[in-house]
Every structure is written in structure tokens, then in C-alpha cells.
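Trainee: What follows is protein33.txt, made up of compact mmCIF, C-alpha atoms and all ligand atoms:
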# COMPACT_ATOMS: atom_id res chain seq x y z
CA MET A 24 -30.44 -43.53 13.26
CA LEU A 25 -34.09 -43.17 14.18
CA SER A 26 -35.35 -39.59 14.42
CA ARG A 27 -38.51 -37.66 13.68
CA GLU A 28 -36.71 -35.76 10.89
CA ASN A 29 -35.36 -38.88 9.17
CA LEU A 30 -38.75 -40.58 9.36
CA LEU A 31 -40.63 -37.58 7.95
CA GLU A 32 -38.09 -37.18 5.16
CA LYS A 33 -38.61 -40.76 3.97
CA MET A 34 -42.36 -41.04 4.69
CA ASP A 35 -44.23 -41.59 1.43
CA THR A 36 -47.86 -41.67 2.60
CA GLU A 37 -50.89 -39.41 2.58
CA ARG A 38 -52.02 -39.54 6.20
CA ILE A 39 -50.59 -42.57 8.02
CA GLY A 40 -47.31 -41.55 9.67
CA ARG A 41 -47.51 -37.91 8.53
CA ASN A 42 -47.28 -36.84 12.16
CA VAL A 43 -44.47 -38.55 14.07
CA LEU A 44 -43.84 -38.58 17.81
CA TYR A 45 -40.31 -39.93 18.36
CA LEU A 46 -39.21 -41.04 21.83
CA TYR A 47 -35.72 -42.09 22.87
CA GLU A 48 -37.29 -44.31 25.54
CA THR A 49 -40.81 -44.89 26.83
CA ASP A 50 -42.73 -47.43 28.90
CA SER A 51 -44.71 -48.72 25.90
CA THR A 52 -45.51 -46.93 22.63
CA ASN A 53 -49.09 -48.25 22.95
CA GLU A 54 -49.45 -46.64 26.38
CA TYR A 55 -47.93 -43.40 25.11
CA ALA A 56 -50.17 -43.42 22.04
CA LYS A 57 -53.30 -43.97 24.14
CA LYS A 58 -52.43 -40.90 26.25
CA ALA A 59 -51.62 -38.81 23.17
CA ALA A 60 -54.55 -40.04 21.06
CA LEU A 61 -57.17 -37.39 21.75
CA ASP A 62 -54.77 -34.51 20.99
CA SER A 63 -53.14 -36.10 17.95
CA PRO A 64 -54.28 -36.22 14.32
CA ASP A 65 -55.51 -39.45 12.73
CA GLY A 66 -52.57 -41.55 11.50
CA THR A 67 -50.08 -40.25 14.08
CA LEU A 68 -47.12 -42.58 14.49
CA VAL A 69 -45.44 -43.04 17.87
CA VAL A 70 -41.95 -44.55 17.57
CA ALA A 71 -39.49 -45.34 20.35
CA ASP A 72 -35.88 -46.49 20.37
CA SER A 73 -36.62 -48.61 23.43
CA GLN A 74 -39.46 -49.58 25.76
CA VAL A 75 -39.03 -50.35 29.42
CA LYS A 76 -42.45 -52.02 29.71
CA GLY A 77 -43.14 -53.31 26.19
CA LYS A 78 -46.47 -55.15 26.14
CA GLY A 79 -47.28 -58.32 24.26
CA ARG A 80 -50.64 -60.05 23.85
CA LEU A 81 -52.32 -61.96 26.64
CA GLY A 82 -50.54 -59.93 29.35
CA LYS A 83 -47.06 -60.99 28.21
CA SER A 84 -44.12 -58.60 27.98
CA TRP A 85 -42.32 -57.69 24.74
CA SER A 86 -38.53 -57.70 24.64
CA SER A 87 -37.50 -54.13 23.72
CA PRO A 88 -33.70 -53.64 23.65
CA HIS A 89 -32.42 -50.17 22.84
CA GLY A 90 -31.73 -49.23 19.23
CA LYS A 91 -32.07 -52.72 17.73
CA ALA A 92 -35.69 -53.17 16.84
CA ILE A 93 -38.84 -51.30 15.84
CA PHE A 94 -41.38 -50.35 18.51
CA MET A 95 -44.18 -48.27 17.11
CA SER A 96 -47.90 -47.54 17.46
CA ILE A 97 -50.28 -45.96 14.98
CA ILE A 98 -53.16 -43.83 16.27
CA LEU A 99 -56.33 -44.25 14.19
CA LYS A 100 -59.26 -41.95 14.74
CA GLU A 101 -61.62 -42.98 11.96
CA HIS A 102 -64.82 -44.26 13.60
CA ILE A 103 -64.72 -48.02 13.64
CA ILE A 104 -67.35 -50.25 15.19
CA PRO A 105 -65.77 -52.12 18.11
CA GLU A 106 -66.47 -55.56 16.59
CA ASN A 107 -64.30 -54.57 13.60
CA ALA A 108 -61.30 -53.33 15.56
CA SER A 109 -59.60 -56.74 15.70
CA MET A 110 -59.58 -56.78 11.89
CA ILE A 111 -57.06 -53.92 11.97
CA THR A 112 -54.59 -56.38 13.44
CA ILE A 113 -54.93 -58.48 10.30
CA VAL A 114 -54.45 -55.31 8.21
CA ALA A 115 -51.24 -54.55 10.12
CA ALA A 116 -49.95 -58.12 9.74
CA ILE A 117 -50.28 -58.14 5.96
CA ALA A 118 -48.76 -54.62 5.84
CA VAL A 119 -45.64 -55.78 7.72
CA LEU A 120 -45.34 -58.87 5.56
CA LYS A 121 -45.54 -56.83 2.34
CA ALA A 122 -43.15 -54.21 3.73
CA ILE A 123 -40.41 -56.79 4.30
CA GLU A 124 -41.01 -58.65 1.05
CA GLY A 125 -38.03 -56.79 -0.47
CA ILE A 126 -35.84 -58.13 2.36
CA THR A 127 -36.99 -61.74 2.42
CA LYS A 128 -39.52 -63.90 0.64
CA ASP A 129 -39.34 -66.44 3.48
CA ALA A 130 -41.68 -64.56 5.82
CA ALA A 131 -45.23 -65.77 6.45
CA VAL A 132 -48.18 -64.85 8.66
CA LYS A 133 -49.16 -67.03 11.58
CA TRP A 134 -52.82 -66.34 12.33
CA PRO A 135 -53.83 -63.90 13.49
CA ASN A 136 -50.93 -61.51 13.72
CA ASP A 137 -47.45 -62.98 14.06
CA ILE A 138 -44.92 -62.72 11.28
CA VAL A 139 -42.56 -65.68 11.19
CA ILE A 140 -39.41 -66.57 9.31
CA ASN A 141 -37.98 -70.11 9.37
CA GLY A 142 -40.54 -71.04 12.02
CA LYS A 143 -39.58 -68.21 14.38
CA LYS A 144 -41.45 -65.04 15.29
CA ILE A 145 -39.98 -61.72 14.14
CA CYS A 146 -43.01 -59.46 14.62
CA GLY A 147 -45.98 -59.13 16.93
CA ILE A 148 -48.97 -56.79 16.85
CA LEU A 149 -51.12 -55.54 19.71
CA THR A 150 -54.27 -53.57 18.87
CA GLU A 151 -56.06 -51.64 21.60
CA MET A 152 -59.18 -49.52 21.38
CA LYS A 153 -61.11 -46.92 23.33
CA SER A 154 -64.73 -46.82 22.37
CA SER A 155 -67.69 -44.71 23.33
CA GLY A 156 -71.15 -45.94 22.43
CA MET A 157 -71.31 -47.61 19.03
CA ASN A 158 -67.99 -46.32 17.70
CA SER A 159 -64.33 -46.27 18.57
CA GLN A 160 -62.87 -43.03 19.92
CA TYR A 161 -59.50 -44.24 18.75
CA VAL A 162 -57.64 -47.42 17.93
CA VAL A 163 -53.95 -47.90 18.68
CA VAL A 164 -52.10 -50.49 16.61
CA GLY A 165 -48.81 -51.45 18.21
CA ILE A 166 -46.23 -53.16 16.05
CA GLY A 167 -42.97 -54.67 17.25
CA ILE A 168 -40.48 -55.87 14.64
CA ASN A 169 -37.22 -57.57 15.58
CA VAL A 170 -34.82 -56.04 13.10
CA ASN A 171 -31.15 -56.11 14.17
CA ASN A 172 -31.54 -58.04 17.45
CA THR A 173 -28.69 -60.49 17.97
CA GLU A 174 -30.03 -62.24 21.06
CA PHE A 175 -33.28 -62.84 22.96
CA PRO A 176 -34.28 -63.53 26.56
CA LYS A 177 -33.93 -67.23 27.46
CA ASP A 178 -37.67 -67.89 27.72
CA ILE A 179 -38.31 -66.90 24.09
CA ALA A 180 -34.95 -67.81 22.52
CA ASP A 181 -36.46 -70.94 20.90
CA VAL A 182 -39.27 -69.13 19.13
CA ALA A 183 -37.97 -65.58 18.52
CA ALA A 184 -35.82 -64.31 15.66
CA SER A 185 -34.92 -61.05 13.94
CA LEU A 186 -34.41 -60.04 10.33
CA TYR A 187 -30.69 -60.02 11.17
CA THR A 188 -30.59 -63.51 12.67
CA GLU A 189 -32.45 -64.95 9.70
CA THR A 190 -30.66 -63.13 6.85
CA GLY A 191 -27.28 -62.15 8.32
CA ILE A 192 -27.77 -58.52 7.27
CA CYS A 193 -28.42 -55.37 9.37
CA TYR A 194 -31.27 -53.16 8.18
CA ASP A 195 -32.16 -49.47 8.32
CA ARG A 196 -35.13 -49.23 10.69
CA THR A 197 -36.28 -45.93 9.19
CA GLU A 198 -36.74 -47.51 5.77
CA ILE A 199 -38.68 -50.44 7.17
CA ILE A 200 -40.96 -48.19 9.24
CA CYS A 201 -41.75 -45.99 6.22
CA GLN A 202 -42.45 -49.05 4.08
CA VAL A 203 -44.78 -50.49 6.74
CA MET A 204 -46.64 -47.15 6.89
CA LYS A 205 -47.07 -47.17 3.11
CA GLU A 206 -48.41 -50.72 3.04
CA PHE A 207 -50.56 -50.14 6.10
CA GLU A 208 -52.16 -47.09 4.49
CA LYS A 209 -52.93 -49.10 1.35
CA TYR A 210 -54.56 -52.03 3.16
CA TYR A 211 -56.27 -49.84 5.77
CA ASN A 212 -57.95 -47.87 3.00
CA ILE A 213 -59.20 -51.12 1.48
CA PHE A 214 -60.54 -52.17 4.90
CA LEU A 215 -62.32 -48.82 5.39
CA ARG A 216 -63.80 -49.01 1.89
CA ASP A 217 -65.21 -52.52 2.38
CA ASN A 218 -65.88 -52.31 6.12
CA ASP A 219 -64.42 -55.79 6.39
CA LEU A 220 -61.43 -57.77 5.12
CA SER A 221 -62.95 -59.03 1.87
CA GLY A 222 -60.40 -57.07 -0.21
CA ILE A 223 -57.49 -58.42 1.83
CA VAL A 224 -58.41 -62.07 2.46
CA GLU A 225 -56.75 -63.36 -0.70
CA ASP A 226 -53.40 -61.63 -0.05
CA TYR A 227 -53.48 -62.72 3.60
CA ASN A 228 -54.33 -66.36 2.91
CA ARG A 229 -51.68 -66.61 0.21
CA ASN A 230 -49.10 -65.79 2.88
CA LEU A 231 -50.66 -67.81 5.72
CA ILE A 232 -48.46 -70.43 7.28
CA ASN A 233 -50.15 -73.83 7.63
CA LEU A 234 -52.80 -73.15 5.02
CA ASN A 235 -54.43 -76.54 4.31
CA ASN A 236 -52.23 -78.15 6.98
CA GLN A 237 -53.21 -79.62 10.31
CA VAL A 238 -52.99 -77.42 13.40
CA ASP A 239 -53.92 -77.79 17.06
CA ILE A 240 -56.67 -75.45 18.28
CA ILE A 241 -56.06 -74.81 21.96
CA SER A 242 -58.57 -73.20 24.33
CA GLU A 243 -58.63 -73.11 28.12
CA ASP A 244 -60.51 -76.38 28.46
CA ASN A 245 -60.11 -78.11 25.12
CA VAL A 246 -57.62 -79.05 22.40
CA TYR A 247 -58.54 -80.44 19.02
CA ARG A 248 -56.82 -81.01 15.72
CA ALA A 249 -58.13 -79.42 12.56
CA GLU A 250 -57.16 -78.45 9.03
CA SER A 251 -56.57 -74.71 8.58
CA LYS A 252 -58.56 -73.30 5.65
CA GLY A 253 -57.57 -69.63 5.87
CA ILE A 254 -59.42 -66.56 7.17
CA ASP A 255 -62.85 -65.26 6.19
CA GLU A 256 -63.83 -61.63 5.54
CA ARG A 257 -64.03 -60.95 9.29
CA GLY A 258 -60.58 -62.34 10.04
CA ARG A 259 -61.84 -65.56 11.64
CA LEU A 260 -59.78 -68.67 10.99
CA ILE A 261 -61.83 -71.29 9.17
CA VAL A 262 -60.91 -74.82 10.25
CA LYS A 263 -62.20 -78.28 9.50
CA ARG A 264 -62.17 -80.50 12.58
CA CYS A 265 -60.26 -83.74 12.05
CA ASP A 266 -62.53 -85.70 14.44
CA THR A 267 -65.97 -84.71 13.12
CA GLY A 268 -65.27 -82.99 9.78
CA VAL A 269 -67.29 -80.01 10.99
CA ILE A 270 -66.23 -76.54 9.79
CA GLU A 271 -65.67 -74.02 12.58
CA LYS A 272 -64.76 -70.34 12.57
CA ILE A 273 -62.28 -69.33 15.22
CA VAL A 274 -62.25 -65.83 16.69
CA SER A 275 -58.84 -64.47 17.67
CA GLY A 276 -58.38 -63.96 21.40
CA GLU A 277 -60.49 -67.01 22.25
CA VAL A 278 -57.94 -69.68 21.39
CA SER A 279 -54.40 -70.14 20.26
CA VAL A 280 -53.36 -72.10 17.22
CA ARG A 281 -50.21 -74.21 17.20
CA GLY A 282 -48.57 -76.23 14.50
CA VAL A 283 -48.73 -79.97 15.04
CA TYR A 284 -44.96 -79.99 15.73
CA GLY A 285 -44.70 -76.82 17.88
CA TYR A 286 -45.02 -73.02 17.56
CA VAL A 287 -45.75 -72.98 13.81
C1 LIG B 1 -47.47 -59.96 20.65
O1 LIG B 1 -47.52 -60.45 21.79
O2 LIG B 1 -47.26 -60.69 19.68
C2 LIG B 1 -47.71 -58.49 20.46
C3 LIG B 1 -46.46 -57.69 20.63
C4 LIG B 1 -46.64 -56.20 20.38
C5 LIG B 1 -45.39 -55.42 20.66
C6 LIG B 1 -45.51 -53.98 20.24
S1 LIG B 1 -43.98 -53.11 20.36
C7 LIG B 1 -44.78 -51.61 20.07
C8 LIG B 1 -46.10 -51.66 20.82
N1 LIG B 1 -45.91 -51.22 22.19
C9 LIG B 1 -46.09 -52.21 23.06
O3 LIG B 1 -45.96 -52.10 24.31
N2 LIG B 1 -46.44 -53.33 22.43
C10 LIG B 1 -46.52 -53.13 20.99
Would you mind giving the structure from this file in C-alpha cells?
Mentor:
Amino acid sequence: MLSRENLLEKMDTERIGRNVLYLYETDSTNEYAKKAALDSPDGTLVVADSQVKGKGRLGKSWSSPHGKAIFMSIILKEHIIPENASMITIVAAIAVLKAIEGITKDAAVKWPNDIVINGKKICGILTEMKSSGMNSQYVVVGIGINVNNTEFPKDIADVAASLYTETGICYDRTEIICQVMKEFEKYYNIFLRDNDLSGIVEDYNRNLINLNNQVDIISEDNVYRAESKGIDERGRLIVKRCDTGVIEKIVSGEVSVRGVYGYV
């Protein structure tokens, strides 16, 4: 069962997740975290058992059934320059991947921030920031992990999965949350030390789906095929265009990347 007490008892970190705000139900843990941010210490973790208005990227909603999955947001108050905030999404993605390594070795990262197993998405990350002047006031990193979900809404049933659907085993959400906090703290400290992702790139690229494979790069007015070469130290996806051979660096948010045969 998820509770503040159980989470604090198992939390093995120095500052990330040392303060926990547990909610039985909320609109969105990201929205709650943004309201709580100014009065909460750095590293505060907001966790909910369900969300009635879970938010995904690009204005989409996030399926948030009660008691089955993980819905959580970390409040970060270290000053971060706004251009670097999107890198925290990459930090969170590698943290989730490492945290579930003990459960399955079949998980991989789909750039920039989806975790997939057997070609289906089991985790999404939504980073939001409030900045004033040159620095962030706070960053909220929202992480949704499908853990024991048995079914999904029709519109995402083809591309969504959970740890349960892919392994046939139910998992303790408290243990996974605490493991994600531990890995996040480790990689976040590396990011703060380097002020970029140079200390993380290797780990990330090793786990990147489609590395050295062809992908379709899709923007509002253009689609082209390219070979994925992994991320650089700023989290941009390096690709080599199949038509011209030119190397391009893709910024997340500007385009989406699809496998040649579908979602991955
Ligand atoms: C995506 O579209 O891939 C991002 C999904 C992010 C979902 C998580 S669940 C916890 C946090 N609260 C939200 O409303 N969204 C994020």
C-alpha cells in the first residue's frame, strides 16, 4: 500500500524524496507540486494513488487508474538555467530505466523520455518549470509508470503496457518509487556537477532504442528518414539524414521520432 510512512521508511536517499506529500487522489501531481513548490524543500516528492486530470506531453491526458500505477512529481529548487531544464527529463528517464533494471532487462529508452518494453510504452515524463530572470524558481519532474495496470483506454491500447502486462508479475509500487528516487538523485547530482549531460550520455545511449537504426523525424510540415546516432551532452538527438547524409541535432519538443515500422 502506498503511504507517506511506508515511502519514508524505505527511502534511501540524501535529499530527493526525503519530504513526501502523499495524496489519495489529486487532479495531477504536477499541478499539485507546482502549487506546493514555493513552500516545500528541494527534493520534495508528491505521490498520488490516482489522478483525475493526469497530464501527458503535448496537451495529451495520462491514464491514471486508482492504485495500479505510479503518479509522482519531484520538486527541484536548485537554480537551473531555463535552457537546461529539458535535460532533467533525460536524467529522469535514465533513472527510471536503472530503477527497473532489477525487474526486467528488456526495457529501453525512446528519445527523449519514454521507457518502452517489447515496443510498448510503460513510462512517460513531463517536466515543467517556473523561472524568474536567468534562473528557474523551481522545476517539477512528473513521472508516470504503469506498474500493475491490466488494461488501457482503447486509444492507447496498441502502444501502452505495464510492468505487469510485460512480465506477468505484480510489483510493490513503494519499492519502485524509492529505487527511482535513489537513481534520480545519483544522475541528478552528476548533471548538477557537469551542468550538462556529459556524464550521463554513455549510459543513456547504451539503453537507447533504435541506436544506429533508421527512424522517421516528424515535424509539423516535414517528415524525413534518418539514422539515429544517440544524444549529445545537451540531450539533443543526433541523426544522419538518409537523403543528404547531413548530420542534424534534434531538440525535443520540436519534432517527434517514430520507428520506421510504427511507435518504436
Ligand atoms: C508523457 O506524455 O509521456 C508524459 C506523461 C507524464 C505523466 C506523469 S504522471 C505524474 C505526473 N502528473 C501528471 O499530470 N503528469 C505526470
Trainee: Calculate how many Å separate CA of Ile117 (chain A) from CA of Tyr227 (chain A), rounding to one decimal.
Mentor: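 Separating CA of Ile117 (chain A) from CA of Tyr227 (chain A) is a distance of 6.1 Å.
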Trainee: Using only C-alpha atoms, which of the listed residues (A:Lys153, A:Lys91, A:Lys143, A:Arg259) sits closest to Cys193 (chain A)?
Mentor: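 Of all the options, A:Lys91 lies closest to Cys193 (chain A).
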Trainee: Counting only C-alpha atoms and all ligand atoms, which residues of chain A fall within 6 Å of ligand LIG 1 (chain B), and what is the closest atom pair for each with its distance in Å at one decimal, ordered by chain and rising number, as JSON lines?
Mentor:
{"residue": "A:Ser51", "atom": "CA", "partner": "B:LIG1", "partner_atom": "O3", "distance": 3.9}
{"residue": "A:Thr52", "atom": "CA", "partner": "B:LIG1", "partner_atom": "N1", "distance": 4.3}
{"residue": "A:Asn53", "atom": "CA", "partner": "B:LIG1", "partner_atom": "N1", "distance": 4.4}
{"residue": "A:Gly77", "atom": "CA", "partner": "B:LIG1", "partner_atom": "O3", "distance": 3.6}
{"residue": "A:Lys78", "atom": "CA", "partner": "B:LIG1", "partner_atom": "O3", "distance": 3.6}
{"residue": "A:Gly79", "atom": "CA", "partner": "B:LIG1", "partner_atom": "O1", "distance": 3.3}
{"residue": "A:Arg80", "atom": "CA", "partner": "B:LIG1", "partner_atom": "O1", "distance": 3.8}
{"residue": "A:Trp85", "atom": "CA", "partner": "B:LIG1", "partner_atom": "C5", "distance": 5.6}
{"residue": "A:Phe94", "atom": "CA", "partner": "B:LIG1", "partner_atom": "C7", "distance": 3.9}
{"residue": "A:Met95", "atom": "CA", "partner": "B:LIG1", "partner_atom": "C7", "distance": 4.5}
{"residue": "A:Ser96", "atom": "CA", "partner": "B:LIG1", "partner_atom": "C8", "distance": 5.6}
{"residue": "A:Gly147", "atom": "CA", "partner": "B:LIG1", "partner_atom": "O2", "distance": 3.4}
{"residue": "A:Ile148", "atom": "CA", "partner": "B:LIG1", "partner_atom": "C2", "distance": 4.2}
{"residue": "A:Leu149", "atom": "CA", "partner": "B:LIG1", "partner_atom": "C2", "distance": 4.6}
{"residue": "A:Gly165", "atom": "CA", "partner": "B:LIG1", "partner_atom": "C8", "distance": 3.8}
{"residue": "A:Ile166", "atom": "CA", "partner": "B:LIG1", "partner_atom": "C6", "distance": 4.3}
{"residue": "A:Gly167", "atom": "CA", "partner": "B:LIG1", "partner_atom": "S1", "distance": 3.6}
Trainee: From the set A:Asn169, A:Asn236, A:Asn42, A:Ser84, which residue has the shortest atom-to-atom contact distance to Tyr284 (chain A), counting all atoms listed in the file?
Mentor: A:Asn236
Trainee: Excluding same-chain residues fewer than 2 positions from region 30-37 of chain A, what lies within 7 Å of it counting all atoms listed in the file, as a ChimeraX atom specification?
Mentor: /A:26-28,39,41,197,201,205
Trainee: Can you tell me which residues surround Tyr187 (chain A) at a distance of at most 9 Å, considering all atoms listed in the file, apart from same-chain residues fewer than 6 positions away, and format the answer as an MDAnalysis selection string?
Mentor: chainID A and resid 169:173 193:194
Trainee: Do you know which residues are at most 10 Å from region 122-124 of chain A counting all atoms listed in the file, after dropping those on the same chain fewer than 4 positions away, and could you put them as an mmCIF file with C-alpha atoms, keeping the file's coordinate frame?
Mentor:
data_model
loop_
_atom_site.group_PDB
_atom_site.id
_atom_site.type_symbol
_atom_site.label_atom_id
_atom_site.label_comp_id
_atom_site.auth_asym_id
_atom_site.auth_seq_id
_atom_site.Cartn_x
_atom_site.Cartn_y
_atom_site.Cartn_z
ATOM 1 C CA ALA A 116 -49.950 -58.120 9.740
ATOM 2 C CA ILE A 117 -50.280 -58.140 5.960
ATOM 3 C CA ALA A 118 -48.760 -54.620 5.840
ATOM 4 C CA LYS A 128 -39.520 -63.900 0.640
ATOM 5 C CA ASP A 129 -39.340 -66.440 3.480
ATOM 6 C CA ALA A 130 -41.680 -64.560 5.820
ATOM 7 C CA ALA A 131 -45.230 -65.770 6.450
ATOM 8 C CA LEU A 186 -34.410 -60.040 10.330
ATOM 9 C CA GLU A 198 -36.740 -47.510 5.770
ATOM 10 C CA ILE A 199 -38.680 -50.440 7.170
ATOM 11 C CA ILE A 200 -40.960 -48.190 9.240
ATOM 12 C CA CYS A 201 -41.750 -45.990 6.220
ATOM 13 C CA GLN A 202 -42.450 -49.050 4.080
ATOM 14 C CA VAL A 203 -44.780 -50.490 6.740
ATOM 15 C CA MET A 204 -46.640 -47.150 6.890
ATOM 16 C CA LYS A 205 -47.070 -47.170 3.110
ATOM 17 C CA GLU A 206 -48.410 -50.720 3.040
ATOM 18 C CA PHE A 207 -50.560 -50.140 6.100
#
Trainee: Grab all the atoms of region 189-199 of chain A that the file lists, wrap them in a box along x, y and z, add 3 Å per side, and give me centre plus edge lengths in Å (one decimal) as AutoDock Vina command-line options.
Mentor:
--center_x -33.0 --center_y -55.4 --center_z 8.2 --size_x 17.4 --size_y 25.0 --size_z 10.9
